[in-house]
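Q: Structure file my_file-v4.pdb (PDB, C-alpha atoms and all ligand atoms) is given on the next line.
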```pdb
ATOM      1  CA  MET A   1      52.947  -2.573  29.956
ATOM      2  CA  ASP A   2      50.008  -4.426  28.377
ATOM      3  CA  ILE A   3      50.437  -6.991  25.648
ATOM      4  CA  ILE A   4      47.762  -6.321  23.028
ATOM      5  CA  ARG A   5      48.618  -9.195  20.678
ATOM      6  CA  LYS A   6      51.462 -11.299  19.271
ATOM      7  CA  VAL A   7      52.047 -11.458  15.531
ATOM      8  CA  HIS A   8      54.200 -14.181  13.974
ATOM      9  CA  ARG A   9      56.323 -12.584  11.267
ATOM     10  CA  LEU A  10      59.750 -11.460  10.203
ATOM     11  CA  CYS A  11      61.011  -9.221  12.994
ATOM     12  CA  SER A  12      62.677  -6.085  11.681
ATOM     13  CA  CYS A  13      64.676  -5.862  14.885
ATOM     14  CA  CYS A  14      66.537  -9.181  14.875
ATOM     15  CA  MET A  15      65.680 -10.144  11.281
ATOM     16  CA  GLN A  16      64.374 -13.557  12.355
ATOM     17  CA  GLU A  17      60.865 -14.932  12.056
ATOM     18  CA  HIS A  18      59.141 -15.134  15.449
ATOM     19  CA  ASP A  19      56.239 -13.799  17.532
ATOM     20  CA  VAL A  20      56.517 -10.033  17.642
ATOM     21  CA  TRP A  21      54.616  -8.471  20.554
ATOM     22  CA  VAL A  22      52.431  -5.436  20.151
ATOM     23  CA  VAL A  23      52.400  -3.695  23.519
ATOM     24  CA  ARG A  24      50.877  -0.609  25.051
ATOM     25  CA  ASP A  25      52.508   1.467  27.729
ATOM     26  CA  VAL A  26      52.175   4.826  29.394
ATOM     27  CA  ALA A  27      54.394   7.382  27.700
ATOM     28  CA  LYS A  28      55.310  10.889  28.764
ATOM     29  CA  ASN A  29      56.181  13.801  26.559
ATOM     30  CA  ILE A  30      56.540  17.554  26.795
ATOM     31  CA  TYR A  31      54.201  19.265  24.356
ATOM     32  CA  LYS A  32      53.663  23.027  24.258
ATOM     33  CA  GLU A  33      55.587  23.276  27.526
ATOM     34  CA  GLN A  34      53.225  20.857  29.202
ATOM     35  CA  LEU A  35      53.899  17.336  30.457
ATOM     36  CA  VAL A  36      51.513  14.992  28.661
ATOM     37  CA  GLU A  37      50.889  11.380  29.701
ATOM     38  CA  TYR A  38      49.328   9.122  27.118
ATOM     39  CA  SER A  39      49.010   5.520  26.095
ATOM     40  CA  ALA A  40      51.523   4.656  23.353
ATOM     41  CA  THR A  41      51.752   1.507  21.261
ATOM     42  CA  TYR A  42      55.045  -0.224  20.407
ATOM     43  CA  GLU A  43      56.365  -3.478  19.045
ATOM     44  CA  TYR A  44      58.674  -5.591  21.184
ATOM     45  CA  CYS A  45      61.271  -8.169  20.177
ATOM     46  CA  GLU A  46      61.735 -10.715  22.949
ATOM     47  CA  LEU A  47      64.959 -12.071  21.480
ATOM     48  CA  ALA A  48      66.746  -8.755  21.318
ATOM     49  CA  ASP A  49      64.791  -7.311  24.280
ATOM     50  CA  GLU A  50      64.212  -4.195  22.216
ATOM     51  CA  TYR A  51      61.291  -1.963  21.392
ATOM     52  CA  LEU A  52      60.671  -0.813  17.865
ATOM     53  CA  VAL A  53      58.199   1.695  16.512
ATOM     54  CA  PRO A  54      57.213   1.304  12.874
ATOM     55  CA  GLU A  55      56.134   4.340  10.861
ATOM     56  CA  GLU A  56      52.350   3.842  11.287
ATOM     57  CA  LEU A  57      52.713   3.586  15.074
ATOM     58  CA  ILE A  58      54.777   6.780  15.187
ATOM     59  CA  THR A  59      51.828   8.551  13.571
ATOM     60  CA  ALA A  60      49.251   6.893  15.838
ATOM     61  CA  ASN A  61      51.303   7.627  18.970
ATOM     62  CA  ASP A  62      51.714  11.250  18.003
ATOM     63  CA  ILE A  63      47.938  11.638  17.588
ATOM     64  CA  ALA A  64      47.392   9.810  20.917
ATOM     65  CA  MET A  65      49.749  12.283  22.575
ATOM     66  CA  LYS A  66      48.001  15.269  20.979
ATOM     67  CA  ASN A  67      44.616  13.901  22.038
ATOM     68  CA  ALA A  68      45.843  13.502  25.618
ATOM     69  CA  TYR A  69      46.975  17.123  25.472
ATOM     70  CA  ARG A  70      43.576  18.151  24.041
ATOM     71  CA  GLU A  71      41.715  16.297  26.787
ATOM     72  CA  ALA A  72      43.900  17.783  29.501
ATOM     73  CA  ASN A  73      43.165  21.250  28.135
ATOM     74  CA  GLY A  74      39.447  20.799  27.569
ATOM     75  CA  LEU A  75      39.725  20.748  23.784
ATOM     76  CA  LEU A  76      37.847  18.496  21.359
ATOM     77  CA  THR A  77      39.739  15.328  20.431
ATOM     78  CA  THR A  78      40.281  14.339  16.799
ATOM     79  CA  GLU A  79      37.466  11.773  17.072
ATOM     80  CA  GLN A  80      35.083  14.411  18.400
ATOM     81  CA  ILE A  81      35.958  16.784  15.565
ATOM     82  CA  VAL A  82      35.366  14.026  13.030
ATOM     83  CA  ALA A  83      32.031  13.202  14.700
ATOM     84  CA  ILE A  84      30.861  16.827  14.478
ATOM     85  CA  ARG A  85      31.752  16.966  10.794
ATOM     86  CA  LYS A  86      30.078  13.604  10.110
ATOM     87  CA  LYS A  87      26.894  14.795  11.803
ATOM     88  CA  TYR A  88      26.508  17.252   8.926
ATOM     89  CA  ASN A  89      28.263  14.960   6.451
ATOM     90  CA  ILE A  90      30.385  17.840   5.193
ATOM     91  CA  SER A  91      33.869  17.375   3.729
ATOM     92  CA  GLN A  92      36.946  18.644   5.552
ATOM     93  CA  SER A  93      37.685  21.314   2.961
ATOM     94  CA  ASP A  94      34.045  22.446   2.658
ATOM     95  CA  LEU A  95      33.729  22.843   6.421
ATOM     96  CA  ALA A  96      36.984  24.822   6.495
ATOM     97  CA  ASN A  97      35.737  27.068   3.673
ATOM     98  CA  LEU A  98      32.350  27.481   5.307
ATOM     99  CA  LEU A  99      34.047  28.809   8.437
ATOM    100  CA  GLY A 100      36.371  31.039   6.437
ATOM    101  CA  TRP A 101      39.407  29.065   7.577
ATOM    102  CA  GLY A 102      42.315  27.877   5.432
ATOM    103  CA  GLY A 103      41.316  24.963   3.196
ATOM    104  CA  LYS A 104      43.433  22.392   5.069
ATOM    105  CA  THR A 105      42.558  23.554   8.588
ATOM    106  CA  ILE A 106      40.013  20.859   9.429
ATOM    107  CA  THR A 107      42.183  18.167   7.858
ATOM    108  CA  ARG A 108      45.017  19.211  10.160
ATOM    109  CA  TYR A 109      42.742  19.374  13.225
ATOM    110  CA  GLU A 110      41.600  15.843  12.531
ATOM    111  CA  GLY A 111      45.268  14.846  12.640
ATOM    112  CA  HIS A 112      48.411  16.219  14.200
ATOM    113  CA  GLN A 113      47.616  19.872  14.708
ATOM    114  CA  VAL A 114      45.956  20.883  17.950
ATOM    115  CA  GLN A 115      43.253  23.473  17.298
ATOM    116  CA  ASP A 116      43.364  26.833  19.044
ATOM    117  CA  VAL A 117      40.753  27.681  21.645
ATOM    118  CA  ALA A 118      38.778  30.074  19.398
ATOM    119  CA  HIS A 119      38.409  27.452  16.668
ATOM    120  CA  ASP A 120      37.555  24.827  19.253
ATOM    121  CA  THR A 121      34.718  27.042  20.501
ATOM    122  CA  ILE A 122      33.359  27.449  16.979
ATOM    123  CA  LEU A 123      33.433  23.696  16.332
ATOM    124  CA  ARG A 124      31.561  23.106  19.591
ATOM    125  CA  LYS A 125      29.011  25.716  18.636
ATOM    126  CA  ILE A 126      28.400  23.985  15.316
ATOM    127  CA  ASP A 127      27.778  20.797  17.247
ATOM    128  CA  SER A 128      25.389  22.264  19.797
ATOM    129  CA  ASP A 129      23.672  24.833  17.609
ATOM    130  CA  PRO A 130      22.477  23.480  14.247
ATOM    131  CA  GLU A 131      20.415  26.635  13.761
ATOM    132  CA  TRP A 132      23.615  28.688  13.678
ATOM    133  CA  TYR A 133      25.262  26.190  11.330
ATOM    134  CA  LEU A 134      22.225  26.411   9.062
ATOM    135  CA  THR A 135      22.503  30.204   9.025
ATOM    136  CA  ILE A 136      26.163  30.279   8.020
ATOM    137  CA  LEU A 137      25.491  27.586   5.425
ATOM    138  CA  GLN A 138      22.745  29.754   3.900
ATOM    139  CA  GLU A 139      25.012  32.800   3.948
ATOM    140  CA  ARG A 140      27.676  30.913   2.010
ATOM    141  CA  LYS A 141      25.313  29.210  -0.399
ATOM    142  CA  LYS A 142      27.068  30.659  -3.446
ATOM    143  CA  SER A 143      30.382  29.064  -2.548
ATOM    144  CA  PHE A 144      29.015  25.538  -3.095
ATOM    145  CA  ALA A 145      27.894  23.635  -6.162
ATOM    146  CA  GLU A 146      24.102  23.409  -6.249
ATOM    147  CA  VAL A 147      23.960  19.659  -5.605
ATOM    148  CA  THR A 148      26.478  19.863  -2.773
ATOM    149  CA  TYR A 149      24.608  22.740  -1.165
ATOM    150  CA  ALA A 150      21.305  20.849  -1.398
ATOM    151  CA  LYS A 151      22.866  17.861   0.378
ATOM    152  CA  TYR A 152      24.420  19.978   3.136
ATOM    153  CA  TYR A 153      21.242  22.004   3.546
ATOM    154  CA  ARG A 154      19.066  18.909   3.927
ATOM    155  CA  LEU A 155      21.321  17.483   6.641
ATOM    156  CA  ALA A 156      21.538  20.814   8.452
ATOM    157  CA  VAL A 157      17.742  21.119   8.504
ATOM    158  CA  LYS A 158      17.453  17.559   9.808
ATOM    159  CA  ALA A 159      19.926  18.256  12.615
ATOM    160  CA  TYR A 160      18.094  21.482  13.384
ATOM    161  CA  GLU A 161      14.719  19.785  13.585
ATOM    162  CA  GLU A 162      16.100  17.126  15.882
ATOM    163  CA  THR A 163      17.381  19.721  18.300
ATOM    164  CA  GLN A 164      14.434  22.110  17.965
ATOM    165  CA  ASP A 165      12.515  20.224  20.603
ATOM    166  CA  ALA A 166      15.528  20.473  22.893
ATOM    167  CA  TYR A 167      15.617  24.248  22.328
ATOM    168  CA  LEU A 168      11.932  24.467  23.067
ATOM    169  CA  ARG A 169      12.297  22.535  26.309
ATOM    170  CA  LYS A 170      15.172  24.764  27.363
ATOM    171  CA  SER A 171      13.068  27.869  26.711
ATOM    172  CA  ILE A 172      10.188  26.430  28.704
ATOM    173  CA  PHE A 173      12.439  25.527  31.638
ATOM    174  CA  ALA A 174      13.941  29.017  31.501
ATOM    175  CA  ARG A 175      10.449  30.491  31.886
ATOM    176  CA  TYR A 176       9.853  28.204  34.879
ATOM    177  CA  ALA A 177      13.159  28.842  36.642
ATOM    178  CA  ARG A 178      11.694  31.511  38.936
ATOM    179  CA  TYR A 179       8.760  29.395  40.142
ATOM    180  CA  ASP A 180      10.311  26.882  42.455
ATOM    181  CA  ASP A 181       7.997  27.059  45.435
ATOM    182  CA  ALA A 182       5.233  24.572  46.064
ATOM    183  CA  ASP A 183       2.517  27.208  46.216
ATOM    184  CA  CYS A 184       3.241  28.044  42.559
ATOM    185  CA  ASN A 185       3.984  24.629  41.060
ATOM    186  CA  GLY A 186       1.969  22.371  43.339
ATOM    187  CA  GLY A 187       5.018  20.780  44.928
ATOM    188  CA  ARG A 188       6.458  19.400  41.723
ATOM    189  CA  CYS A 189       9.102  20.697  39.328
ATOM    190  CA  LEU A 190       7.892  20.964  35.769
ATOM    191  CA  ASP A 191       7.808  17.488  34.229
ATOM    192  CA  ILE A 192       7.525  17.904  30.477
ATOM    193  CA  GLU A 193       7.176  14.180  29.751
ATOM    194  CA  LYS A 194       4.214  13.960  32.088
ATOM    195  CA  LEU A 195       2.726  17.138  30.644
ATOM    196  CA  ILE A 196       2.859  15.663  27.151
ATOM    197  CA  ASP A 197       1.257  12.435  28.351
ATOM    198  CA  VAL A 198      -1.513  14.302  30.185
ATOM    199  CA  MET A 199      -2.306  16.352  27.083
ATOM    200  CA  ARG A 200      -2.283  13.210  24.953
ATOM    201  CA  TYR A 201      -4.484  11.424  27.466
ATOM    202  CA  TYR A 202      -7.104  14.138  27.089
ATOM    203  CA  SER A 203      -6.706  14.382  23.303
ATOM    204  CA  ASN A 204      -7.119  10.625  22.884
ATOM    205  CA  SER A 205     -10.164  10.303  25.161
ATOM    206  CA  ASN A 206     -13.446   9.832  23.352
ATOM    207  CA  LYS A 207     -15.183  11.277  26.403
ATOM    208  CA  VAL A 208     -13.595  14.664  25.800
ATOM    209  CA  SER A 209     -15.613  16.588  23.226
ATOM    210  CA  VAL A 210     -14.290  19.367  20.973
ATOM    211  CA  LEU A 211     -10.956  19.946  22.654
ATOM    212  CA  TYR A 212      -9.487  23.334  21.800
ATOM    213  CA  LYS A 213      -6.698  25.226  23.513
ATOM    214  CA  VAL A 214      -8.787  27.145  26.068
ATOM    215  CA  LYS A 215     -10.463  23.983  27.274
ATOM    216  CA  MET A 216      -7.186  22.037  27.322
ATOM    217  CA  MET A 217      -5.535  24.687  29.494
ATOM    218  CA  LYS A 218      -8.416  24.592  31.993
ATOM    219  CA  MET A 219      -8.413  20.793  32.065
ATOM    220  CA  LEU A 220      -4.680  20.846  32.818
ATOM    221  CA  TRP A 221      -5.257  23.185  35.725
ATOM    222  CA  TYR A 222      -8.141  21.086  37.029
ATOM    223  CA  ALA A 223      -5.998  17.930  36.939
ATOM    224  CA  ASP A 224      -3.104  19.573  38.769
ATOM    225  CA  ALA A 225      -5.408  21.234  41.290
ATOM    226  CA  LEU A 226      -7.290  18.002  41.984
ATOM    227  CA  ALA A 227      -4.071  15.987  42.359
ATOM    228  CA  TYR A 228      -2.836  18.633  44.785
ATOM    229  CA  LYS A 229      -6.085  18.560  46.714
ATOM    230  CA  ARG A 230      -5.925  14.773  47.011
ATOM    231  CA  TYR A 231      -2.191  14.111  47.363
ATOM    232  CA  ASN A 232      -0.495  17.475  48.038
ATOM    233  CA  SER A 233       1.337  17.218  44.733
ATOM    234  CA  SER A 234       0.360  18.335  41.249
ATOM    235  CA  ILE A 235       0.886  16.094  38.222
ATOM    236  CA  THR A 236       2.699  18.251  35.680
ATOM    237  CA  GLY A 237       4.392  20.959  37.760
ATOM    238  CA  LEU A 238       2.891  23.650  35.505
ATOM    239  CA  VAL A 239       2.471  27.122  36.981
ATOM    240  CA  TYR A 240      -0.803  28.857  36.098
ATOM    241  CA  THR A 241      -1.683  32.517  35.873
ATOM    242  CA  ALA A 242      -5.152  34.052  36.014
ATOM    243  CA  LEU A 243      -6.185  35.338  32.593
ATOM    244  CA  PRO A 244      -9.671  36.552  31.622
ATOM    245  CA  MET A 245     -10.724  33.075  30.499
ATOM    246  CA  GLY A 246      -9.266  31.349  33.553
ATOM    247  CA  ALA A 247      -6.062  29.488  34.361
ATOM    248  CA  VAL A 248      -3.377  29.472  31.680
ATOM    249  CA  PRO A 249       0.029  27.833  32.164
ATOM    250  CA  VAL A 250       3.180  29.919  31.966
ATOM    251  CA  ALA A 251       4.757  29.440  28.499
ATOM    252  CA  HIS A 252       1.514  28.011  27.086
ATOM    253  CA  GLY A 253       2.494  29.065  23.557
ATOM    254  CA  LEU A 254       5.727  27.062  23.719
ATOM    255  CA  ILE A 255       4.030  24.054  25.276
ATOM    256  CA  MET A 256       1.786  23.710  22.243
ATOM    257  CA  ASP A 257       4.790  23.037  20.009
ATOM    258  CA  LEU A 258       6.353  20.275  22.081
ATOM    259  CA  LYS A 259       7.079  17.141  20.116
ATOM    260  CA  GLY A 260       4.322  14.634  20.827
ATOM    261  CA  ILE A 261       1.489  17.174  20.973
ATOM    262  CA  SER A 262      -0.668  17.065  17.862
ATOM    263  CA  TYR A 263      -3.153  19.731  16.941
ATOM    264  CA  GLU A 264      -4.550  21.390  13.837
ATOM    265  CA  GLU A 265      -4.907  25.115  13.326
ATOM    266  CA  ILE A 266      -8.356  26.218  12.320
ATOM    267  CA  GLU A 267      -8.799  29.729  10.956
ATOM    268  CA  TYR A 268     -11.996  31.592  11.732
ATOM    269  CA  GLU A 269     -12.766  35.282  11.368
ATOM    270  CA  ASP A 270      -9.505  36.949  12.476
ATOM    271  CA  ASN A 271      -8.466  34.201  14.831
ATOM    272  CA  THR A 272      -6.756  30.848  14.833
ATOM    273  CA  ALA A 273      -8.149  28.032  16.918
ATOM    274  CA  TYR A 274      -6.012  25.077  17.989
ATOM    275  CA  HIS A 275      -7.835  21.807  17.851
ATOM    276  CA  PHE A 276      -6.116  18.874  19.558
ATOM    277  CA  LYS A 277      -6.006  15.623  17.670
ATOM    278  CA  SER A 278      -5.793  12.022  18.793
ATOM    279  CA  ASP A 279      -2.517  10.258  18.040
ATOM    280  CA  ASN A 280      -4.289   6.894  18.220
ATOM    281  CA  SER A 281      -2.031   5.563  20.917
ATOM    282  CA  ASN A 282      -2.926   4.378  24.382
ATOM    283  CA  GLN A 283       0.589   4.315  25.763
ATOM    284  CA  TYR A 284       1.299   6.863  28.506
ATOM    285  CA  PRO A 285       4.612   5.724  29.972
ATOM    286  CA  THR A 286       4.949   8.512  32.527
ATOM    287  CA  LEU A 287       1.442   8.423  34.008
ATOM    288  CA  THR A 288       0.914   6.521  37.246
ATOM    289  CA  ASP A 289      -2.360   4.804  38.137
ATOM    290  CA  THR A 290      -3.014   7.643  40.571
ATOM    291  CA  ASP A 291      -2.483  10.199  37.807
ATOM    292  CA  ARG A 292      -4.952   8.350  35.584
ATOM    293  CA  VAL A 293      -7.603   8.265  38.296
ATOM    294  CA  VAL A 294      -7.280  12.046  38.660
ATOM    295  CA  LEU A 295      -7.454  12.564  34.890
ATOM    296  CA  ASP A 296     -10.470  10.277  34.589
ATOM    297  CA  THR A 297     -12.254  12.305  37.270
ATOM    298  CA  ILE A 298     -11.561  15.522  35.352
ATOM    299  CA  ILE A 299     -12.740  13.917  32.109
ATOM    300  CA  ASP A 300     -15.967  12.745  33.806
ATOM    301  CA  VAL A 301     -16.648  16.206  35.188
ATOM    302  CA  CYS A 302     -15.393  18.547  32.442
ATOM    303  CA  GLY A 303     -14.898  16.374  29.361
ATOM    304  CA  GLY A 304     -18.269  17.301  27.921
ATOM    305  CA  ASP A 305     -17.965  21.029  28.682
ATOM    306  CA  THR A 306     -18.018  23.552  25.869
ATOM    307  CA  ARG A 307     -15.425  26.267  26.013
ATOM    308  CA  ASP A 308     -17.863  28.699  27.634
ATOM    309  CA  GLN A 309     -18.973  26.112  30.190
ATOM    310  CA  ILE A 310     -15.460  25.318  31.375
ATOM    311  CA  VAL A 311     -14.558  29.025  31.491
ATOM    312  CA  LYS A 312     -17.653  29.637  33.605
ATOM    313  CA  ARG A 313     -16.741  26.690  35.840
ATOM    314  CA  MET A 314     -13.247  28.117  36.298
ATOM    315  CA  HIS A 315     -14.622  31.599  37.072
ATOM    316  CA  GLY A 316     -16.576  30.027  39.922
ATOM    317  CA  GLU A 317     -13.483  28.543  41.578
ATOM    318  CA  ARG A 318     -12.198  30.318  44.667
ATOM    319  CA  ALA A 319      -8.658  29.928  43.298
ATOM    320  CA  TYR A 320      -9.624  32.145  40.387
ATOM    321  CA  LYS A 321     -11.696  34.642  42.347
ATOM    322  CA  GLU A 322      -8.940  35.211  44.903
ATOM    323  CA  THR A 323      -6.206  35.765  42.313
ATOM    324  CA  LYS A 324      -5.569  39.155  40.775
ATOM    325  CA  ALA A 325      -5.451  39.389  36.982
ATOM    326  CA  ASN A 326      -2.209  37.990  35.479
ATOM    327  CA  GLU A 327      -0.936  36.745  38.822
ATOM    328  CA  VAL A 328       0.030  33.180  39.674
ATOM    329  CA  ILE A 329      -2.838  31.055  40.942
ATOM    330  CA  LEU A 330      -1.615  29.579  44.211
ATOM    331  CA  PHE A 331      -2.127  25.897  44.885
ATOM    332  CA  LYS A 332      -3.341  26.483  48.441
ATOM    333  CA  TYR A 333      -6.746  27.318  46.921
ATOM    334  CA  ALA A 334      -6.893  23.877  45.328
ATOM    335  CA  LYS A 335      -7.976  22.567  48.724
ATOM    336  CA  GLU A 336     -11.325  24.272  48.051
ATOM    337  CA  LEU A 337     -11.674  23.008  44.496
ATOM    338  CA  SER A 338     -15.285  22.442  43.407
ATOM    339  CA  ILE A 339     -14.439  18.866  42.363
ATOM    340  CA  ASP A 340     -14.372  16.100  45.068
TER     341      ASP A 340
HETATM  342 ZN    ZN B   1      63.058 -10.006  16.879
END
```
So, in terms of structure tokens, how does the structure I just supplied come out?
Ligand SMILES: [Zn+2]
A:
Amino acid sequence: MDIIRKVHRLCSCCMQEHDVWVVRDVAKNIYKEQLVEYSATYEYCELADEYLVPEELITANDIAMKNAYREANGLLTTEQIVAIRKKYNISQSDLANLLGWGGKTITRYEGHQVQDVAHDTILRKIDSDPEWYLTILQERKKSFAEVTYAKYYRLAVKAYEETQDAYLRKSIFARYARYDDADCNGGRCLDIEKLIDVMRYYSNSNKVSVLYKVKMMKMLWYADALAYKRYNSSITGLVYTALPMGAVPVAHGLIMDLKGISYEEIEYEDNTAYHFKSDNSNQYPTLTDTDRVVLDTIIDVCGGDTRDQIVKRMHGERAYKETKANEVILFKYAKELSID
């Protein structure tokens, strides 16, 4: 039994004024045929040596018991349900209506009623998948007042944007799952933070002229290949395949959209060119001094290349010549890289 505090007041047990203890103790209860242990709060009168439980503590203890049951059964607690709803700042009744549940359902789940497993799964999905939440919100647009809908929509979009980068990273990692040997990834698992910093390092360098996507992809390969040649370990962990214009990382399209990479799209003829832009920062928290030395070497050698020049340079590399079209360029060839 832990004493939480003592309150001097009229004791409703002995009807005298004295210090009433507020105590916490482990309680046991059978709920849904299951023994549940939880921490319950009581008041204690020292004079009468009696416990008493005022109305508000009965309520709090019941919710504590239900939450212990929820935790034991892998269900969201009341606090977690409230937090999910607050994330989207939606009212209890609106969330219930949105999900096609009875109007009081969420209110009950945030209190005494333990949610069933199916509903628990849906609430978790709302939490982890703002895109899905956004979709059901759009589908039910007509059931909300215009102003209310606009507020909910704005918050859903915000939550979606915040997790979009997480989705993107997951997709990229999924594409890389099969390449776990050193000959493919240069002895390093894909490190997205480093990748972003390397791309920023190039984009921010005033020694790198007209940096478009094709050139960026080659410069990434050159950096990883040179690091591997020097230290037996690549920098980013990217895996490259041999395409007509040289090395291109797996999932290159997704990489472009990572948060932290800035580029502008330039339309010409029937194509779109991606021009990388400086973000005017010189902070690269993930790059080591060794990484920077490698990158500076690549910038010195290739920074001034035009697209055609760097493609030609790449076509001359043994790594490229020895690799069949669309196959992974193995890092063992980096030992014969033209640089160094
Ligand atoms: Zn008393």
Q: Between CA of Tyr228 in chain A and CA of Ala182 in chain A, what is the distance in Å, rounded to a tenth?
A: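 Separation between CA of Tyr228 in chain A and CA of Ala182 in chain A: 10.1 Å.
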Q: Near Lys207 in chain A, counting all atoms listed in the file, which residues have an atom at most 8 Å away, once you skip same-chain residues fewer than 6 positions from it, shown as a PDB file with C-alpha atoms, keeping the file's coordinate frame?
A:
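Once everything was written out, this is result36.pdb:
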```pdb
ATOM      1  CA  ILE A 299     -12.740  13.917  32.109  1.00  0.00           C
ATOM      2  CA  ASP A 300     -15.967  12.745  33.806  1.00  0.00           C
ATOM      3  CA  GLY A 303     -14.898  16.374  29.361  1.00  0.00           C
ATOM      4  CA  GLY A 304     -18.269  17.301  27.921  1.00  0.00           C
TER       5      GLY A 304
END
```
Q: Any residue with an atom at most 9 Å from ligand ZN 1 (chain B) counts, using only C-alpha atoms and all ligand atoms. Which are they? Put them as a PyMOL selection string.
A: chain A and resi 10-20+44-50
Q: For the file shown, what are the residues hit by the PyMOL selection byres (((chain A and resi 124) around 12) and not hetatm), laid out as a PyMOL selection string?
A: chain A and resi 74-77+80-85+115+117-123+125-130+132-133
Q: Which residues, named as in the file, does the PyMOL selection byres (((chain A and resi 270-287) around 7) and not hetatm) pick out? Answer as an MDAnalysis selection string.
A: chainID A and resid 193:194 197 203:204 211:213 262:269 288:289 291:292
Q: Please measure the separation of CA of Glu161 in chain A and CA of Gly260 in chain A, giving the value in Å to one decimal.
A: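 Taking CA of Glu161 in chain A and CA of Gly260 in chain A, their separation equals 13.7 Å.
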Q: Distance CA of Tyr240 in chain A-CA of Gln164 in chain A, one decimal place?
A: 24.6 Å
Q: Nearest residue to Gln113 in chain A out of A:Val36, A:Cys189, A:Leu137, A:Met65, using all atoms listed in the file?
A: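 Among the listed residues, the smallest separation from Gln113 in chain A belongs to A:Met65.
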Q: Which residue gives the smallest distance to Ala96 in chain A among A:Gly186, A:Ile310, A:Ser143, A:Val53, with all atoms listed in the file counted?
A: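 Ranked by minimum distance to Ala96 in chain A, first place goes to A:Ser143.
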Q: I'd like to see the residues matched by the PyMOL selection byres (((chain A and resi 6) around 9) and not hetatm) on this file, and ideally I'd get them as JSON, numbers by chain.
A: {"A": [3, 4, 5, 7, 8, 19, 20, 21, 22, 23]}
Q: Quick one: residues within 10 Å of Lys324 in chain A, all atoms listed in the file, excluding same-chain residues fewer than 4 positions away - as an NGL selection string?
A: :A and (241-243 or 320 or 328-329)
Q: Just the residues within 8 Å of Ile106 in chain A, please, counting all atoms listed in the file, with nothing from its chain fewer than 3 positions along; format it as a list in words.
A: Gln92, Ser93, Leu95, Ala96, Gly103, Tyr109 and Glu110 of chain A
Q: Please give the centre and size of the box around range 137-150 of chain A (axis-aligned, containing every atom listed in the file, 8 Å added per side), with values in Å to one decimal and written as AutoDock Vina command-line options.
A:
```
--center_x 25.8 --center_y 26.2 --center_z -0.4 --size_x 25.1 --size_y 29.1 --size_z 27.7
```
